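Structure file final33.pdb (PDB, C-alpha atoms) is printed below.
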MODEL        1
ATOM      1  CA  MET A 246     -24.778 -34.731   1.913
ATOM      2  CA  SER A 247     -28.123 -33.070   2.528
ATOM      3  CA  ALA A 248     -28.721 -29.476   1.541
ATOM      4  CA  LYS A 249     -28.712 -26.773   4.171
ATOM      5  CA  PRO A 250     -31.907 -24.728   4.753
ATOM      6  CA  ASP A 251     -30.530 -21.930   2.550
ATOM      7  CA  GLY A 252     -30.020 -24.336  -0.317
ATOM      8  CA  ASN A 253     -26.237 -24.579  -0.002
ATOM      9  CA  THR A 254     -24.328 -27.772   0.684
ATOM     10  CA  GLY A 255     -21.216 -28.354   2.710
ATOM     11  CA  THR A 256     -20.038 -27.370   6.132
ATOM     12  CA  ASP A 257     -19.538 -23.863   7.461
ATOM     13  CA  ALA A 258     -15.805 -24.448   7.117
ATOM     14  CA  ASP A 259     -16.271 -25.342   3.440
ATOM     15  CA  GLN A 260     -18.296 -22.181   2.856
ATOM     16  CA  GLY A 261     -15.752 -20.089   4.735
ATOM     17  CA  LYS A 262     -12.905 -21.536   2.681
ATOM     18  CA  LYS A 263     -14.826 -20.771  -0.505
ATOM     19  CA  VAL A 264     -15.170 -17.116   0.568
ATOM     20  CA  LEU A 265     -11.501 -16.905   1.557
ATOM     21  CA  ASP A 266     -10.412 -18.441  -1.735
ATOM     22  CA  ASN A 267     -11.972 -15.530  -3.612
ATOM     23  CA  ALA A 268     -11.073 -12.652  -1.284
ATOM     24  CA  PRO A 269      -8.220 -10.147  -1.527
ATOM     25  CA  GLY A 270      -5.192 -11.669   0.172
ATOM     26  CA  ALA A 271      -6.395 -15.232  -0.343
ATOM     27  CA  VAL A 272      -3.336 -16.089  -2.419
ATOM     28  CA  TRP A 273      -1.242 -16.166   0.764
ATOM     29  CA  PHE A 274      -3.472 -18.802   2.373
ATOM     30  CA  ARG A 275      -4.573 -20.929  -0.574
ATOM     31  CA  ALA A 276      -2.740 -24.182  -1.169
ATOM     32  CA  GLY A 277      -0.978 -24.209  -4.539
ATOM     33  CA  LYS A 278      -1.922 -26.583  -7.337
ATOM     34  CA  THR A 279       0.808 -29.147  -7.872
ATOM     35  CA  SER A 280      -0.942 -32.103  -9.466
ATOM     36  CA  ARG A 281      -0.589 -30.982 -13.096
ATOM     37  CA  PRO A 282       2.407 -29.739 -15.084
ATOM     38  CA  ARG A 283       2.384 -26.026 -15.816
ATOM     39  CA  PRO A 284       2.961 -24.402 -19.195
ATOM     40  CA  GLN A 285       6.125 -22.427 -19.930
ATOM     41  CA  LEU A 286       4.970 -19.088 -18.536
ATOM     42  CA  SER A 287       6.957 -18.138 -15.474
ATOM     43  CA  HIS A 288       5.372 -16.813 -12.312
ATOM     44  CA  GLU A 289       8.021 -14.089 -12.113
ATOM     45  CA  ARG A 290       7.320 -12.865 -15.655
ATOM     46  CA  ILE A 291       3.583 -12.683 -14.967
ATOM     47  CA  ILE A 292       4.044 -10.545 -11.877
ATOM     48  CA  ALA A 293       6.672  -8.286 -13.467
ATOM     49  CA  THR A 294       4.338  -7.686 -16.403
ATOM     50  CA  ALA A 295       1.418  -7.027 -14.072
ATOM     51  CA  VAL A 296       3.453  -4.380 -12.213
ATOM     52  CA  GLU A 297       4.353  -2.799 -15.556
ATOM     53  CA  LEU A 298       0.697  -2.609 -16.591
ATOM     54  CA  LEU A 299      -0.370  -1.300 -13.196
ATOM     55  CA  ASP A 300       2.278   1.419 -13.339
ATOM     56  CA  ARG A 301       1.015   2.451 -16.765
ATOM     57  CA  ASP A 302      -2.748   2.060 -16.470
ATOM     58  CA  GLY A 303      -3.707   1.585 -12.822
ATOM     59  CA  VAL A 304      -5.749  -1.052 -11.020
ATOM     60  CA  GLN A 305      -9.092  -0.480 -12.725
ATOM     61  CA  LYS A 306      -7.774  -1.191 -16.212
ATOM     62  CA  LEU A 307      -5.925  -4.357 -15.301
ATOM     63  CA  SER A 308      -7.681  -7.557 -16.359
ATOM     64  CA  MET A 309      -6.601 -11.145 -16.846
ATOM     65  CA  ARG A 310      -7.280 -10.748 -20.571
ATOM     66  CA  ARG A 311      -5.113  -7.646 -20.914
ATOM     67  CA  LEU A 312      -2.362  -9.234 -18.845
ATOM     68  CA  ALA A 313      -2.430 -12.336 -21.043
ATOM     69  CA  GLU A 314      -2.290 -10.219 -24.198
ATOM     70  CA  ARG A 315       0.740  -8.374 -22.876
ATOM     71  CA  LEU A 316       2.399 -11.712 -22.159
ATOM     72  CA  GLY A 317       1.507 -13.055 -25.602
ATOM     73  CA  ALA A 318      -0.432 -15.897 -24.014
ATOM     74  CA  HIS A 319      -4.020 -17.115 -23.731
ATOM     75  CA  ALA A 320      -5.908 -15.962 -20.643
ATOM     76  CA  THR A 321      -6.583 -19.536 -19.559
ATOM     77  CA  SER A 322      -2.854 -20.194 -19.280
ATOM     78  CA  LEU A 323      -2.623 -17.582 -16.509
ATOM     79  CA  TYR A 324      -4.845 -19.693 -14.285
ATOM     80  CA  TRP A 325      -2.089 -22.284 -13.995
ATOM     81  CA  HIS A 326      -0.253 -19.650 -11.946
ATOM     82  CA  VAL A 327      -2.863 -17.279 -10.493
ATOM     83  CA  ALA A 328      -6.467 -18.040  -9.653
ATOM     84  CA  THR A 329      -7.974 -14.542  -9.745
ATOM     85  CA  LYS A 330      -7.217 -10.912 -10.520
ATOM     86  CA  ASP A 331      -7.004 -10.356  -6.756
ATOM     87  CA  ASP A 332      -4.165 -12.883  -6.689
ATOM     88  CA  VAL A 333      -2.346 -10.851  -9.326
ATOM     89  CA  LEU A 334      -2.847  -7.647  -7.343
ATOM     90  CA  ASP A 335      -1.641  -9.224  -4.097
ATOM     91  CA  LEU A 336       1.445 -10.672  -5.774
ATOM     92  CA  ALA A 337       2.200  -7.421  -7.621
ATOM     93  CA  LEU A 338       1.850  -5.441  -4.398
ATOM     94  CA  ASP A 339       4.230  -7.768  -2.606
ATOM     95  CA  ALA A 340       6.688  -7.362  -5.487
ATOM     96  CA  VAL A 341       6.602  -3.622  -4.806
ATOM     97  CA  PHE A 342       7.447  -4.220  -1.148
ATOM     98  CA  ALA A 343      10.422  -6.292  -2.323
ATOM     99  CA  GLU A 344      11.925  -3.023  -3.615
ATOM    100  CA  LEU A 345      12.102  -1.580  -0.100
ATOM    101  CA  ASP A 346      15.792  -1.689   0.809
ATOM    102  CA  LEU A 347      16.059  -1.762   4.592
ATOM    103  CA  PRO A 348      19.234  -1.775   6.697
ATOM    104  CA  GLU A 349      20.603  -5.248   7.363
ATOM    105  CA  ARG A 350      21.205  -4.363  11.011
ATOM    106  CA  HIS A 351      19.096  -2.264  13.318
ATOM    107  CA  SER A 352      20.451   1.045  14.571
ATOM    108  CA  ALA A 353      20.998   1.740  18.247
ATOM    109  CA  ALA A 354      18.505   4.608  17.851
ATOM    110  CA  TRP A 355      15.081   3.207  17.078
ATOM    111  CA  GLN A 356      13.946   6.515  15.540
ATOM    112  CA  GLU A 357      16.576   6.121  12.816
ATOM    113  CA  ASP A 358      15.165   2.722  11.884
ATOM    114  CA  VAL A 359      11.609   4.027  11.833
ATOM    115  CA  GLU A 360      12.682   6.943   9.653
ATOM    116  CA  ALA A 361      14.497   4.567   7.287
ATOM    117  CA  PHE A 362      11.348   2.456   7.051
ATOM    118  CA  MET A 363       9.073   5.424   6.423
ATOM    119  CA  THR A 364      11.249   7.204   3.856
ATOM    120  CA  GLY A 365      12.050   3.951   2.070
ATOM    121  CA  LEU A 366       8.408   2.930   1.906
ATOM    122  CA  ARG A 367       7.411   6.343   0.602
ATOM    123  CA  SER A 368      10.026   6.188  -2.147
ATOM    124  CA  VAL A 369       8.902   2.740  -3.264
ATOM    125  CA  LEU A 370       5.203   3.609  -3.249
ATOM    126  CA  LEU A 371       5.781   6.801  -5.224
ATOM    127  CA  ARG A 372       7.396   4.721  -7.975
ATOM    128  CA  HIS A 373       4.151   2.747  -8.180
ATOM    129  CA  PRO A 374       1.261   5.213  -7.548
ATOM    130  CA  TRP A 375      -1.395   2.470  -7.614
ATOM    131  CA  ALA A 376       0.221   0.591  -4.715
ATOM    132  CA  ALA A 377      -0.552   2.920  -1.800
ATOM    133  CA  PRO A 378      -4.362   2.944  -2.206
ATOM    134  CA  LEU A 379      -4.301  -0.807  -2.850
ATOM    135  CA  ALA A 380      -2.286  -1.465   0.313
ATOM    136  CA  ASN A 381      -5.149   0.010   2.351
ATOM    137  CA  SER A 382      -7.672  -2.431   0.928
ATOM    138  CA  ARG A 383      -6.198  -5.870   1.632
ATOM    139  CA  PRO A 384      -4.160  -7.827   4.161
ATOM    140  CA  LEU A 385      -0.428  -7.411   3.542
ATOM    141  CA  MET A 386       0.606 -11.000   4.169
ATOM    142  CA  GLY A 387       3.149 -11.576   1.411
ATOM    143  CA  PRO A 388       6.724 -12.463   2.428
ATOM    144  CA  ASN A 389       8.143  -9.094   1.369
ATOM    145  CA  ALA A 390       5.452  -7.084   3.153
ATOM    146  CA  LEU A 391       5.932  -9.202   6.280
ATOM    147  CA  ARG A 392       9.699  -8.642   6.097
ATOM    148  CA  CYS A 393       9.097  -4.888   6.097
ATOM    149  CA  SER A 394       6.595  -5.142   8.947
ATOM    150  CA  GLU A 395       9.029  -7.228  10.975
ATOM    151  CA  PHE A 396      11.669  -4.517  10.600
ATOM    152  CA  ALA A 397       9.279  -1.760  11.694
ATOM    153  CA  TYR A 398       7.899  -3.759  14.622
ATOM    154  CA  THR A 399      11.401  -4.630  15.819
ATOM    155  CA  ALA A 400      12.439  -0.970  15.698
ATOM    156  CA  LEU A 401       9.380   0.086  17.687
ATOM    157  CA  THR A 402       9.900  -2.714  20.209
ATOM    158  CA  THR A 403      13.419  -1.371  20.757
ATOM    159  CA  GLY A 404      11.791   1.997  21.411
ATOM    160  CA  GLY A 405       9.813   0.506  24.296
ATOM    161  CA  PHE A 406       6.484  -0.159  22.581
ATOM    162  CA  GLU A 407       4.624  -3.351  23.382
ATOM    163  CA  GLY A 408       1.125  -4.791  23.262
ATOM    164  CA  VAL A 409      -1.594  -2.478  21.996
ATOM    165  CA  HIS A 410       0.827   0.466  22.000
ATOM    166  CA  LEU A 411       3.096  -1.391  19.579
ATOM    167  CA  SER A 412       0.198  -2.130  17.235
ATOM    168  CA  SER A 413      -0.977   1.478  17.353
ATOM    169  CA  ALA A 414       2.514   2.869  16.740
ATOM    170  CA  ALA A 415       3.094   0.544  13.780
ATOM    171  CA  ALA A 416      -0.262   1.461  12.282
ATOM    172  CA  THR A 417       0.452   5.152  12.783
ATOM    173  CA  ILE A 418       3.737   5.209  10.879
ATOM    174  CA  THR A 419       2.422   2.988   8.087
ATOM    175  CA  HIS A 420      -0.830   4.882   7.628
ATOM    176  CA  TYR A 421       1.005   8.200   7.572
ATOM    177  CA  VAL A 422       3.193   7.009   4.690
ATOM    178  CA  ILE A 423       0.369   5.377   2.739
ATOM    179  CA  GLY A 424      -1.980   8.322   3.260
ATOM    180  CA  SER A 425       0.550  10.972   2.262
ATOM    181  CA  VAL A 426       1.660   9.019  -0.799
ATOM    182  CA  SER A 427      -1.955   8.468  -1.862
ATOM    183  CA  SER A 428      -2.619  12.215  -1.689
ATOM    184  CA  GLU A 429       0.585  13.097  -3.494
ATOM    185  CA  ALA A 430      -0.059  10.554  -6.241
ATOM    186  CA  VAL A 431      -3.540  11.958  -6.880
ATOM    187  CA  TRP A 432      -2.285  15.532  -7.100
ATOM    188  CA  GLN A 433       0.727  14.659  -9.220
ATOM    189  CA  GLN A 434      -1.519  12.969 -11.763
ATOM    190  CA  ARG A 435      -3.509  16.161 -12.251
ATOM    191  CA  SER A 436      -2.446  18.297 -15.180
ATOM    192  CA  ASP A 437      -4.211  21.274 -13.599
ATOM    193  CA  GLU A 438      -2.693  21.099 -10.108
ATOM    194  CA  ALA A 439      -1.587  24.739 -10.045
ATOM    195  CA  ALA A 440      -4.924  25.987 -11.376
ATOM    196  CA  THR A 441      -6.857  23.868  -8.892
ATOM    197  CA  ARG A 442      -4.801  25.128  -5.954
ATOM    198  CA  SER A 443      -5.386  28.727  -7.092
ATOM    199  CA  ALA A 444      -9.124  28.093  -7.324
ATOM    200  CA  VAL A 445      -9.210  26.566  -3.830
ATOM    201  CA  ASP A 446      -7.198  29.488  -2.456
ATOM    202  CA  ALA A 447      -9.564  32.017  -4.059
ATOM    203  CA  HIS A 448     -12.621  30.157  -2.729
ATOM    204  CA  ILE A 449     -11.321  30.129   0.842
ATOM    205  CA  ARG A 450     -10.332  33.806   0.741
ATOM    206  CA  ALA A 451     -13.775  34.663  -0.610
ATOM    207  CA  HIS A 452     -15.234  33.071   2.536
ATOM    208  CA  ILE A 453     -12.717  34.426   5.008
ATOM    209  CA  ASP A 454     -15.409  35.036   7.642
ATOM    210  CA  GLU A 455     -16.163  31.296   7.696
ATOM    211  CA  TYR A 456     -12.571  30.059   7.370
ATOM    212  CA  PRO A 457     -10.311  32.751   8.901
ATOM    213  CA  THR A 458      -7.511  30.382   9.915
ATOM    214  CA  LEU A 459      -7.404  28.605   6.572
ATOM    215  CA  ALA A 460      -7.484  31.904   4.722
ATOM    216  CA  GLY A 461      -4.489  33.108   6.705
ATOM    217  CA  HIS A 462      -2.382  30.040   6.026
ATOM    218  CA  PHE A 463      -3.417  28.718   2.623
ATOM    219  CA  PRO A 464      -1.923  27.326   0.433
ATOM    220  CA  LEU A 465      -1.048  24.692   3.001
ATOM    221  CA  LEU A 466       1.305  22.977   0.584
ATOM    222  CA  GLU A 467       3.230  24.470  -2.272
ATOM    223  CA  GLU A 468       3.024  22.670  -5.599
ATOM    224  CA  ASP A 469       6.652  21.500  -5.448
ATOM    225  CA  ASP A 470       6.904  20.991  -1.680
ATOM    226  CA  TRP A 471       5.705  17.409  -1.225
ATOM    227  CA  ASP A 472       9.056  16.119   0.027
ATOM    228  CA  SER A 473       9.457  18.826   2.672
ATOM    229  CA  HIS A 474       5.814  18.423   3.693
ATOM    230  CA  PHE A 475       6.302  14.677   4.252
ATOM    231  CA  HIS A 476       9.475  15.110   6.297
ATOM    232  CA  ARG A 477       7.942  17.817   8.493
ATOM    233  CA  GLY A 478       5.043  15.535   9.283
ATOM    234  CA  MET A 479       7.346  12.601   9.924
ATOM    235  CA  ARG A 480       9.393  14.634  12.409
ATOM    236  CA  LEU A 481       6.214  15.627  14.259
ATOM    237  CA  LEU A 482       5.085  12.007  14.323
ATOM    238  CA  LEU A 483       8.434  10.733  15.614
ATOM    239  CA  ALA A 484       8.476  13.412  18.302
ATOM    240  CA  GLY A 485       5.054  12.251  19.428
ATOM    241  CA  LEU A 486       6.132   8.615  19.484
ATOM    242  CA  ALA A 487       9.181   9.533  21.565
ATOM    243  CA  SER A 488       6.948  10.996  24.271
ATOM    244  CA  PRO A 489       6.402   8.750  27.312
ATOM    245  CA  ASP A 490       2.670   9.370  26.919
ATOM    246  CA  ALA A 491       2.728   7.339  23.695
ATOM    247  CA  ARG A 492       3.388   4.205  25.741
ATOM    248  CA  GLU A 493       1.361   4.933  28.876
ATOM    249  CA  ARG A 494      -2.060   6.091  27.763
ATOM    250  CA  SER A 495      -4.657   3.470  26.956
TER     251      SER A 495
ENDMDL
END

Structure rendered as structure tokens:
Amino acid sequence: MSAKPDGNTGTDADQGKKVLDNAPGAVWFRAGKTSRPRPQLSHERIIATAVELLDRDGVQKLSMRRLAERLGAHATSLYWHVATKDDVLDLALDAVFAELDLPERHSAAWQEDVEAFMTGLRSVLLRHPWAAPLANSRPLMGPNALRCSEFAYTALTTGGFEGVHLSSAAATITHYVIGSVSSEAVWQQRSDEAATRSAVDAHIRAHIDEYPTLAGHFPLLEEDDWDSHFHRGMRLLLAGLASPDARERS
């Protein structure tokens, strides 16, 4: 096969597959290797250990070498099961979604199902603070994530959403949960949360001419009020979704 003008060989499809094979989310589309026997290191144990390390150290500190050390194995043995670190992250993230316990049957009131989805997802993501920011950076195409999406989409369809309105509504409830959990996780990891909030409050009050509304209502969120803050926002969001305008405007 002759070389292309840019010096690469192969078809556009080959090049595209090569990019996909190394991208976040690729594990859900890549064909598995089945031609060689695999060593005695279970897929389930690898992912469970990865989640444990991610819970302890976060995404940035996870590496194939550190994961292998934790498993008591050589790094090369991991590649019989996972091709890249992105594969590990995708699989670990889907394992987190497996923890979301949704009702077996849908309620007659679609808002109850949406609320169950949102509160359940929040609870799961708070147990794994690294998961919410990661979920925003890759396609959620694992079987557990798709199961959760199917539940949410079905609930919203029952509520009368369809087409682009359905997509927008689903994105709205998911992004609200992921965004609020991401913020909460960042603040909860700070040892100086109270001091930082006091400093922000003092700064705003010192510039009351520039920020009169903020100065009159800050702090916007008490240190121990994350749960109430989330549920207030969720009620506002559900009220907006219940409005006929949510389905009619383009």

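With CA of His474 (chain A) on one side and CA of Ala340 (chain A) on the other, the separation reads 27.4 Å.
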
Written as an mmCIF file with C-alpha atoms, keeping the file's coordinate frame, which residues does the PyMOL selection byres ((chain A and resi 486) around 10) give for the file shown?
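Once everything was written out, this is expr-v1.cif:
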data_model
loop_
_atom_site.group_PDB
_atom_site.id
_atom_site.type_symbol
_atom_site.label_atom_id
_atom_site.label_comp_id
_atom_site.auth_asym_id
_atom_site.auth_seq_id
_atom_site.Cartn_x
_atom_site.Cartn_y
_atom_site.Cartn_z
ATOM 1 C CA GLN A 356 13.946 6.515 15.540
ATOM 2 C CA LEU A 401 9.380 0.086 17.687
ATOM 3 C CA GLY A 404 11.791 1.997 21.411
ATOM 4 C CA PHE A 406 6.484 -0.159 22.581
ATOM 5 C CA ALA A 414 2.514 2.869 16.740
ATOM 6 C CA THR A 417 0.452 5.152 12.783
ATOM 7 C CA ILE A 418 3.737 5.209 10.879
ATOM 8 C CA ARG A 480 9.393 14.634 12.409
ATOM 9 C CA LEU A 481 6.214 15.627 14.259
ATOM 10 C CA LEU A 482 5.085 12.007 14.323
ATOM 11 C CA LEU A 483 8.434 10.733 15.614
ATOM 12 C CA ALA A 484 8.476 13.412 18.302
ATOM 13 C CA GLY A 485 5.054 12.251 19.428
ATOM 14 C CA ALA A 487 9.181 9.533 21.565
ATOM 15 C CA SER A 488 6.948 10.996 24.271
ATOM 16 C CA PRO A 489 6.402 8.750 27.312
ATOM 17 C CA ASP A 490 2.670 9.370 26.919
ATOM 18 C CA ALA A 491 2.728 7.339 23.695
ATOM 19 C CA ARG A 492 3.388 4.205 25.741
#

Quick check on the file I pasted: which residues fall under the PyMOL selection byres ((chain A and resi 475) around 10)? Write them as a PyMOL selection string. chain A and resi 363-364+367+421-422+425-426+429+470-474+476-480

Mind listing as a PyMOL selection string all residues within 10 Å of (9.7, -1.7, 11.6), counting all atoms listed in the file? chain A and resi 347+351+355+358-363+391-403+414-415+418-419

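Rounded to one decimal, CA of Asp446 (chain A) and CA of Ser428 (chain A) lie 17.9 Å from each other.
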
Report, in Å with one decimal, the straight-line distance from CA of Gly270 (chain A) to CA of Tyr324 (chain A).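 Here the two named atoms are 16.5 Å from each other.
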
Might you pull out every residue within 12 Å of Asp335 (chain A), with only C-alpha atoms counted and same-chain residues fewer than 3 positions away left off, and present them as an MDAnalysis selection string? chainID A and resid 268:274 292 295:296 304 327:332 338:342 376 379:390

Spatial neighbours of Ile291 (chain A), 10 Å, only C-alpha atoms, chain gap at least 2 places, as a ChimeraX atom specification: /A:286-289,293-297,312-313,315-316,323,326-327,333,336-337

My list of candidates is A:Arg350, A:Gly461, A:His448, A:Ala318. Which is closest to Arg290 (chain A) when distances are computed with all atoms listed in the file?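 The answer is A:Ala318, which sits nearest to Arg290 (chain A).
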